[in-house]
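K.L.:
The structure follows.
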Amino acid sequence: MTPIHELHGGGLVEMASAVRFLKVCRKKKRIQREHSDPVTSPLIPLNSPAGRVLAHLRHGPMTVEELARAMRITANAVRNQLSKLQASNLVVQTGTRPGVSKPSAVYAITLEGQTQFSTVYLPVLTQFFRVTEAKSSPRQLNSFMTETGRQLAHRYPLPTGDLKARVQSAARLLKTIGGIPEVRSRNGTLVIQSLGCPLSALTLENEAACKVIEGLISEHIGAPAKTCCVRDTGPRCCFEIDRRQERMPAR
């Protein structure tokens, strides 16, 4: 893989800026999560009780009592929804306010909670991909996508154990981010096959997007993964890992 700093051509500035952006985002996420495990926050229906609580918190931190009055539901009903939202890292307790008999906890929406309401992430990512593709050679684009996946892998705990155990861990990770994977053995290789693709909106247009998941899996298991994806109206992920491969040399 060609390192980013060795790339030349029109796409260099875009690639370097994007990598710096990813590093800043990862740092912000790490600060916000504090000691919690880095997991992908689930989407919630915005018209559900939890979604309505989240919508109110977009206007500012609130107590249970304030939410109950605003939503015209009981305090216990609010607490039940807040528990669900906190478990998904969509809401955090930020402090307390003086109450009638004791201080009341104050709750605020997290960055993950705010993203539940945005519909622009995919259009922005798709357009960024098109611009980068137009200003980069195929080799540069593949290198950029792979590096993006490798850096993304460090948001998740790296597995231990033998190669098969690490591949099983990669399959679980793929499921977490939207795949439907299973692990099979085929001709001396371990194969992760998925009935779905987490990046189908991108891979339908350009197969280089598959390199993001390839880089993610390779970094996660510590061995090269080779893309064998199916790209049609229903993209399906597929990655082969040679059983003879073990941990890659330290980078």
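Going through the structure tokens in order, the chains are called A, B, and so on, while each chain numbers its residues from 1 and the ligands are numbered from 1 in the order shown.
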Just the strand (DSSP E) stuff from range 62-199 of chain A, please, per backbone DSSP, written as a list in words.
P.N.:
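Those residues are Met62, Thr63, Val91, Val92, Gln93, Thr94, Gly95, Thr96, Arg97, Ser104, Ala105, Val106, Tyr107, Ala108, Ile109, Pro181, Glu182, Val183, Arg184, Ser185, Arg186, Thr189, Leu190, Val191, Ile192, Gln193 and Ser194 of chain A.
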K.L.:
May I have the residues within 6 Å of range 179-190 of chain A as a list in words, using only C-alpha atoms and disregarding those fewer than 4 positions away in the same chain?
P.N.:
Ala171, Leu174, Lys175, Ser194, Leu195, Gly196, Cys197, Pro198, Glu240, Ile241, Asp242 and Arg243 of chain A
K.L.:
Which polymer residues have any atom within 9 Å of an atom of range 52-62 of chain A, counting only C-alpha atoms, with same-chain residues fewer than 3 positions away left out, as a list in words?
P.N.:
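Contacts, with the query itself left out: Leu46, Asn47, Ser48, Pro49, Glu65, Glu66, Leu67, Ala70, Met71, Val78, Gln81, Leu82, Leu85, Leu90, Val91, Gln93, Thr94, Ala105, Val106, Tyr107, Ala108, Ile109, Gly113, Gln114 and Phe117 of chain A.
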K.L.:
Taking C-alpha atoms for each residue, export the selection above as a PDB file, in the first residue's frame.
P.N.:
```
ATOM      1  CA  LEU A  46     -37.683   9.641  15.727  1.00  0.00           C
ATOM      2  CA  ASN A  47     -41.451   9.302  16.257  1.00  0.00           C
ATOM      3  CA  SER A  48     -40.939   6.853  19.130  1.00  0.00           C
ATOM      4  CA  PRO A  49     -41.055   7.950  22.810  1.00  0.00           C
ATOM      5  CA  GLU A  65     -39.371  16.942  35.467  1.00  0.00           C
ATOM      6  CA  GLU A  66     -38.905  19.463  32.654  1.00  0.00           C
ATOM      7  CA  LEU A  67     -39.125  16.731  30.030  1.00  0.00           C
ATOM      8  CA  ALA A  70     -42.960  19.391  28.020  1.00  0.00           C
ATOM      9  CA  MET A  71     -44.042  15.961  26.763  1.00  0.00           C
ATOM     10  CA  VAL A  78     -39.231   9.855  30.925  1.00  0.00           C
ATOM     11  CA  GLN A  81     -36.674   6.449  27.869  1.00  0.00           C
ATOM     12  CA  LEU A  82     -33.600   8.215  29.249  1.00  0.00           C
ATOM     13  CA  LEU A  85     -30.925   6.599  25.377  1.00  0.00           C
ATOM     14  CA  LEU A  90     -27.327   9.168  22.776  1.00  0.00           C
ATOM     15  CA  VAL A  91     -27.867  11.044  26.044  1.00  0.00           C
ATOM     16  CA  GLN A  93     -26.107  13.258  32.456  1.00  0.00           C
ATOM     17  CA  THR A  94     -24.238  16.562  32.574  1.00  0.00           C
ATOM     18  CA  ALA A 105     -30.186  15.420  37.321  1.00  0.00           C
ATOM     19  CA  VAL A 106     -29.718  17.315  34.067  1.00  0.00           C
ATOM     20  CA  TYR A 107     -29.528  15.413  30.772  1.00  0.00           C
ATOM     21  CA  ALA A 108     -28.087  16.493  27.428  1.00  0.00           C
ATOM     22  CA  ILE A 109     -27.969  15.057  23.937  1.00  0.00           C
ATOM     23  CA  GLY A 113     -27.747  11.742  19.452  1.00  0.00           C
ATOM     24  CA  GLN A 114     -27.519  14.797  17.208  1.00  0.00           C
ATOM     25  CA  PHE A 117     -31.588  13.879  13.034  1.00  0.00           C
TER      26      PHE A 117
END
```
K.L.:
Select, from A:Ser101, A:Gln127, A:Ser218, A:Thr63, the residue with the minimum atom-to-atom distance to Leu152 in chain A, counting only C-alpha atoms.
P.N.:
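Residue with the minimum atom-to-atom distance to Leu152 in chain A: A:Ser218.
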K.L.:
Quick one: pick out all alpha helix (DSSP H) residues within range 5-227 of chain A from a backbone DSSP run and write them as a ChimeraX atom specification.
P.N.:
/A:12-33,49-57,64-71,75-87,111-115,121-134,138-153,163-176,200-203,210-221
K.L.:
What does the structure give for the distance between CA of Leu141 in chain A and CA of Ser200 in chain A, in Å to one decimal?
P.N.:
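Calculated distance between CA of Leu141 in chain A and CA of Ser200 in chain A is 17.6 Å.
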K.L.:
Would you mind telling me which residue in A:Lys102, A:His154, A:Arg72, A:Lys226 lies nearest to Gln245 in chain A when using only C-alpha atoms?
P.N.:
A:Lys226
K.L.:
For CA of Thr227 in chain A and CA of Cys210 in chain A, determine how far apart the two atoms are, in Å to one decimal place.
P.N.:
7.3 Å
K.L.:
Using only C-alpha atoms, can you tell me which of A:Gly222, A:Pro138, A:Gly99, A:Gly51 comes closest to Ala165 in chain A?
P.N.:
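That would be A:Gly222, the residue with the smallest distance to Ala165 in chain A.
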K.L.:
Please report the interatomic distance between CA of Phe239 in chain A and CA of Ile192 in chain A in Å with one decimal.
P.N.:
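Separating CA of Phe239 in chain A from CA of Ile192 in chain A is a distance of 5.2 Å.
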K.L.:
I'd like to know which of A:Pro224, A:Ala208, A:Thr160, A:Pro45 is closest to Gln140 in chain A, using only C-alpha atoms.
P.N.:
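Using only C-alpha atoms, Gln140 in chain A sits closest to A:Ala208.
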